[in-house]
Each structure stands twice: as C-alpha cells, then as structure tokens.
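Down below is the structure, laid out as structure tokens.
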Amino acid sequence: MQLVAVATDFSARSDRAVRRAALIARDAGARLVLVHVVDDDQPERIVAAECDLAETALADAIREHAYLSDLRCSPLVVRGTPFDGIVRAAQQMGADLCVIGSHRRAFLRDIFVGTTAERVIRNSSIPVLMANIDPALRYTSCLAPVELSDCSGRALTVARSLGLMPRTRFAILHVYDAAAAGMLSYAGVHKGNVDDYLAQSRVEAVRDLVRFLEPLDLGDIDYTTLVKEGLAPSTIVDVATEMRPDLVVIGTHGRQGTIRMLLGSVTEELLRRLRQDILVVPVRDA
C-alpha cells in the first residue's frame, strides 16, 4: 500500500476515519492525503472563501495532531458534490484505499441510501473502508462473509494485500439457503427425509467453501471457516454480533459505463446494520 486517501468534513465521524487512516498509513509506510470537498453549488466567492478556510484547517490538523505529525501527510481541497469529489480525488491520485466516516444513523431507524458514504461506496473503483469503531488499536479480529464468487475471492485477496487482515482470529463465513426444506415440510414429506436433505445441503455447502478457498493465496493467515444455513444479511449480522470482530470484509460488484442506482441487497443491508469497520472491495464487471 503506497497511498491512503481519507475524507474529512471536520466532524467527529470523519475524525474517527482520519485516525484510522493514519494508523493504517503508519503501519504500511504509506503516504496519507486528507481530502475535503467544498460544495461548488453556490456563489464563486463563497466557494473560494470555503476553500481557503478548508486549506487552513487541514494544514492546522496536520501540524497539531500528534497522530499525523510523523506521517507523510498532505492536504487536498477539491470542489464538487461530496461523494463525487471524494471518489474522483481518490481515483485520480491512484490511492490504494479510501477511508470514510460512517453514515449518520437516524433516531429509531437507520437511513443509509443516498448518504455520502453510500454514494462513495457504490461509485468507487478502489476499496473503501468505512470507519465505525474507535481507531485506537489495530485490527485484531476479522469476519469475511463470502458468496463463493469471484467477487468474494477478490475481497479476500485485496484485504490481505492491503495488510488489513489480522493473522489470527480471522473467520470466513459462508451462508447457504436450504430453501427446499420449507417446501418439503409443507408438502408433507416425512421429517426424516427433510432432515436428510438438510444434512446433505450442509455437506455440499462445506465442500463448496473448501473448493472456493483452495485457489486463493491467503499467505500465512490463520483462518477458520463457518458454514451457516439461513438468510444471508440476518445471519451475517447475527454472527458479527456474537463474534464482535473489529473488521468485516465484503465484496461488491461494480458497473462500467453507468452509475449504479443500488448496491447489492446483501451489501447494502450489512452497511446499514453492522457496527464494525467495513472494508468494501468493488469488482468491475467485464
């Protein structure tokens, strides 16, 4: 990892992202760029004044914060809409990783779709880390849900290449859906036959996971595997709640030529509900 870009709007949420990005950059010996986007949908004199203020604030932060002082750190102020400015800056710099703060969580219910965080994630062609937890410590545990696709495989290998995966306490989770069990029971099939079907489904899911992991180069990562039957989003959230990992790694498909209107339903649900840091690795479609 050579360059880490981190977005800041000078809020507490983005400060958490900056501190996490600084920790990652320090461990990797990478350069860190603090990106602030000034909304250009306002009079030019106001845009110019806000750019000047932002440049001063970023320079002050780099000079005054101890966690930034010993890094190769530089500020960058860009104009545009927040999500587009962040994505454009990270991609033009050739950043290996973009770090953002968590989305705002609304009282009584979460609102995720349409936030800057969601738009950055669904438009970025580079890995995006959404920082949700206190970044005082390095990652010591990780959960990686996989759907046994190239998308999931790339998420694992990219996370390893970025040096974000802990060497131990790393769990790879595969959730499968034995959908026919309910239909068999409803049709009056003997319980013993339904149990046989469930057992066979689990055996096949375990075999599929083993075959999926065989060609992946995870180096010296000491991982464990989990195979669960159920609906993917809720099962993954339940496992994450029980395990309490520091980091969750997921892959998502990207689209070339057009902007996606929606993330995959599982990815979107996890981004909305999980409270851990989440690394999203996009895979561009052919």
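Following the order of the structure tokens, first chain is A, next is B, and so on, with residues numbered from 1 inside each chain and ligands from 1 in the order they appear.
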
Can you build me a table of region 140-175 of chain A residues sitting at most 12 Å from region 119-131 of chain A, with the closest atom pair per residue and its distance in Å to one decimal, using only C-alpha atoms, sorted by chain and residue number, as a Markdown table?
| residue | atom | partner | partner_atom | distance |
| --- | --- | --- | --- | --- |
| A:Arg154 | CA | A:Pro127 | CA | 10.7 |
| A:Ala155 | CA | A:Pro127 | CA | 8.8 |
| A:Leu156 | CA | A:Pro127 | CA | 11.6 |
| A:Thr157 | CA | A:Pro127 | CA | 11.8 |
| A:Val158 | CA | A:Pro127 | CA | 8.3 |
| A:Ala159 | CA | A:Pro127 | CA | 8.7 |
| A:Ser161 | CA | A:Pro127 | CA | 11.5 |
| A:Leu162 | CA | A:Pro127 | CA | 9.6 |
| A:Leu164 | CA | A:Leu129 | CA | 10.3 |

Closest atom pairs, region 31-86 of chain A residues within 9 Å of region 2-13 of chain A, only C-alpha atoms, as CSV:
residue,atom,partner,partner_atom,distance
A:Arg31,CA,A:Leu3,CA,4.7
A:Leu32,CA,A:Val4,CA,4.9
A:Val33,CA,A:Ala5,CA,4.9
A:Leu34,CA,A:Val6,CA,5.2
A:Val35,CA,A:Ala7,CA,4.8
A:His36,CA,A:Thr8,CA,5.4
A:Val37,CA,A:Asp9,CA,7.6
A:Ala57,CA,A:Phe10,CA,8.5
A:Leu58,CA,A:Phe10,CA,8.9
A:Ile86,CA,A:Ala7,CA,6.5

For this session: Fewer than 2 positions away in the same chain doesn't count, so skip those; otherwise give me all residues within 12 Å of Asp70 (chain A), counting only C-alpha atoms, as JSON, numbers by chain.
Result: {"A": [22, 23, 25, 26, 27, 29, 30, 31, 32, 62, 63, 64, 65, 66, 67, 68, 72, 73, 74]}

Problem set entry | A:Ser201, A:Thr140, A:Gln91, A:Ser149 ranked by distance to Glu229 (chain A), top pick (using only C-alpha atoms) |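 Among the listed residues, the smallest separation from Glu229 (chain A) belongs to A:Ser201.
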
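The residue that comes closest to Leu271 (chain A), out of A:Ser234, A:Ser102, A:Thr225, A:Thr168 and on the basis of only C-alpha atoms, is A:Ser102.
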
Exercise. Mind pulling up the distance from CA of Gly251 (chain A) to CA of Arg79 (chain A)?
Worked result: 29.3 Å

Problem set entry | Every residue of region 22-135 of chain A that DSSP places in alpha helix (DSSP H), as a VMD selection string | chain A and resid 22 to 28 44 to 64 66 to 69 82 to 93 116 to 123

For this session: For each of A:Asp220, A:Glu242, A:Gly153, A:Thr252, take the minimum atom-to-atom distance to Leu274 (chain A), counting only C-alpha atoms, then give the residue where this is smallest.
Result: A:Glu242

Exercise. For the atom pair CA of Arg207 (chain A) and CA of Cys142 (chain A), what is the interatomic distance in Å to one decimal place?
Worked result: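 For CA of Arg207 (chain A) relative to CA of Cys142 (chain A), the distance reads 22.4 Å.
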
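Checking A:Thr81, A:Thr241, A:Ser14, A:Ser69 one by one against Asp39 (chain A), counting only C-alpha atoms, you find the shortest gap at A:Thr81.
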
Exercise. As an NGL selection string, which residues of region 52-211 of chain A does DSSP assign to strand (DSSP E)?
Worked result: :A and (73-79 or 97-101 or 128-131 or 142-146 or 170-176)

Export, as a PDB file, in the first residue's frame, the selected residues with N, CA and C atoms.
ATOM      1  N   CYS A  73       2.130  13.317   5.124  1.00  0.00           N
ATOM      2  CA  CYS A  73       0.717  13.680   5.071  1.00  0.00           C
ATOM      3  C   CYS A  73       0.552  14.995   4.332  1.00  0.00           C
ATOM      4  N   SER A  74      -0.422  15.061   3.451  1.00  0.00           N
ATOM      5  CA  SER A  74      -0.666  16.282   2.692  1.00  0.00           C
ATOM      6  C   SER A  74      -2.164  16.542   2.594  1.00  0.00           C
ATOM      7  N   PRO A  75      -2.557  17.828   2.479  1.00  0.00           N
ATOM      8  CA  PRO A  75      -3.980  18.180   2.360  1.00  0.00           C
ATOM      9  C   PRO A  75      -4.391  18.302   0.910  1.00  0.00           C
ATOM     10  N   LEU A  76      -5.681  18.122   0.659  1.00  0.00           N
ATOM     11  CA  LEU A  76      -6.217  18.307  -0.683  1.00  0.00           C
ATOM     12  C   LEU A  76      -7.653  18.804  -0.569  1.00  0.00           C
ATOM     13  N   VAL A  77      -7.904  19.974  -1.132  1.00  0.00           N
ATOM     14  CA  VAL A  77      -9.256  20.533  -1.172  1.00  0.00           C
ATOM     15  C   VAL A  77      -9.744  20.482  -2.610  1.00  0.00           C
ATOM     16  N   VAL A  78     -10.895  19.886  -2.824  1.00  0.00           N
ATOM     17  CA  VAL A  78     -11.472  19.782  -4.166  1.00  0.00           C
ATOM     18  C   VAL A  78     -12.875  20.368  -4.158  1.00  0.00           C
ATOM     19  N   ARG A  79     -13.331  20.745  -5.326  1.00  0.00           N
ATOM     20  CA  ARG A  79     -14.676  21.297  -5.478  1.00  0.00           C
ATOM     21  C   ARG A  79     -15.592  20.260  -6.108  1.00  0.00           C
ATOM     22  N   LEU A  97      -6.427   2.836  -1.103  1.00  0.00           N
ATOM     23  CA  LEU A  97      -7.534   2.680  -0.160  1.00  0.00           C
ATOM     24  C   LEU A  97      -8.140   4.050   0.101  1.00  0.00           C
ATOM     25  N   CYS A  98      -9.469   4.093   0.177  1.00  0.00           N
ATOM     26  CA  CYS A  98     -10.187   5.312   0.549  1.00  0.00           C
ATOM     27  C   CYS A  98     -10.903   5.054   1.865  1.00  0.00           C
ATOM     28  N   VAL A  99     -10.672   5.913   2.849  1.00  0.00           N
ATOM     29  CA  VAL A  99     -11.279   5.754   4.166  1.00  0.00           C
ATOM     30  C   VAL A  99     -12.308   6.859   4.369  1.00  0.00           C
ATOM     31  N   ILE A 100     -13.492   6.483   4.820  1.00  0.00           N
ATOM     32  CA  ILE A 100     -14.560   7.451   5.052  1.00  0.00           C
ATOM     33  C   ILE A 100     -15.172   7.206   6.423  1.00  0.00           C
ATOM     34  N   GLY A 101     -15.836   8.230   6.941  1.00  0.00           N
ATOM     35  CA  GLY A 101     -16.552   8.074   8.201  1.00  0.00           C
ATOM     36  C   GLY A 101     -17.866   7.354   7.984  1.00  0.00           C
ATOM     37  N   VAL A 128     -12.958   0.709  -0.309  1.00  0.00           N
ATOM     38  CA  VAL A 128     -13.397   1.765   0.597  1.00  0.00           C
ATOM     39  C   VAL A 128     -13.569   1.172   1.993  1.00  0.00           C
ATOM     40  N   LEU A 129     -12.964   1.828   2.976  1.00  0.00           N
ATOM     41  CA  LEU A 129     -13.094   1.403   4.367  1.00  0.00           C
ATOM     42  C   LEU A 129     -13.985   2.396   5.091  1.00  0.00           C
ATOM     43  N   MET A 130     -15.112   1.915   5.606  1.00  0.00           N
ATOM     44  CA  MET A 130     -15.992   2.764   6.399  1.00  0.00           C
ATOM     45  C   MET A 130     -15.660   2.557   7.873  1.00  0.00           C
ATOM     46  N   ALA A 131     -15.186   3.633   8.522  1.00  0.00           N
ATOM     47  CA  ALA A 131     -14.718   3.549   9.903  1.00  0.00           C
ATOM     48  C   ALA A 131     -15.878   3.791  10.858  1.00  0.00           C
ATOM     49  N   CYS A 142     -11.337 -10.422  12.490  1.00  0.00           N
ATOM     50  CA  CYS A 142     -11.975 -10.074  11.220  1.00  0.00           C
ATOM     51  C   CYS A 142     -12.986 -11.154  10.831  1.00  0.00           C
ATOM     52  N   LEU A 143     -14.065 -10.705  10.210  1.00  0.00           N
ATOM     53  CA  LEU A 143     -15.082 -11.605   9.654  1.00  0.00           C
ATOM     54  C   LEU A 143     -15.237 -11.293   8.177  1.00  0.00           C
ATOM     55  N   ALA A 144     -15.182 -12.332   7.349  1.00  0.00           N
ATOM     56  CA  ALA A 144     -15.329 -12.154   5.897  1.00  0.00           C
ATOM     57  C   ALA A 144     -16.453 -13.048   5.392  1.00  0.00           C
ATOM     58  N   PRO A 145     -17.655 -12.523   5.183  1.00  0.00           N
ATOM     59  CA  PRO A 145     -18.722 -13.314   4.553  1.00  0.00           C
ATOM     60  C   PRO A 145     -18.409 -13.498   3.075  1.00  0.00           C
ATOM     61  N   VAL A 146     -18.573 -14.708   2.571  1.00  0.00           N
ATOM     62  CA  VAL A 146     -18.285 -14.980   1.162  1.00  0.00           C
ATOM     63  C   VAL A 146     -19.480 -15.674   0.523  1.00  0.00           C
ATOM     64  N   PHE A 170      -9.379 -14.792  12.366  1.00  0.00           N
ATOM     65  CA  PHE A 170      -9.955 -14.420  11.078  1.00  0.00           C
ATOM     66  C   PHE A 170     -10.928 -15.511  10.670  1.00  0.00           C
ATOM     67  N   ALA A 171     -12.186 -15.156  10.539  1.00  0.00           N
ATOM     68  CA  ALA A 171     -13.224 -16.143  10.227  1.00  0.00           C
ATOM     69  C   ALA A 171     -13.823 -15.866   8.860  1.00  0.00           C
ATOM     70  N   ILE A 172     -13.918 -16.899   8.040  1.00  0.00           N
ATOM     71  CA  ILE A 172     -14.559 -16.821   6.727  1.00  0.00           C
ATOM     72  C   ILE A 172     -15.912 -17.511   6.835  1.00  0.00           C
ATOM     73  N   LEU A 173     -16.961 -16.762   6.569  1.00  0.00           N
ATOM     74  CA  LEU A 173     -18.326 -17.236   6.763  1.00  0.00           C
ATOM     75  C   LEU A 173     -19.032 -17.443   5.433  1.00  0.00           C
ATOM     76  N   HIS A 174     -19.625 -18.627   5.273  1.00  0.00           N
ATOM     77  CA  HIS A 174     -20.465 -18.901   4.104  1.00  0.00           C
ATOM     78  C   HIS A 174     -21.870 -19.216   4.590  1.00  0.00           C
ATOM     79  N   VAL A 175     -22.829 -18.445   4.094  1.00  0.00           N
ATOM     80  CA  VAL A 175     -24.237 -18.652   4.448  1.00  0.00           C
ATOM     81  C   VAL A 175     -24.938 -19.263   3.234  1.00  0.00           C
ATOM     82  N   TYR A 176     -25.567 -20.418   3.449  1.00  0.00           N
ATOM     83  CA  TYR A 176     -26.294 -21.065   2.359  1.00  0.00           C
ATOM     84  C   TYR A 176     -27.773 -21.142   2.719  1.00  0.00           C
TER      85      TYR A 176
END

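Each of A:Phe83, A:Val281, A:Ile24, A:Leu270 was checked against Leu137 (chain A) using only C-alpha atoms; the smallest atom-to-atom distance is that of A:Ile24.
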
Exercise. From the set A:Asp96, A:Glu204, A:Asp52, A:Asp60, which residue has the shortest atom-to-atom contact distance to Met1 (chain A), counting only C-alpha atoms?
Worked result: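 Among the listed residues, A:Asp96 lies closest to Met1 (chain A).
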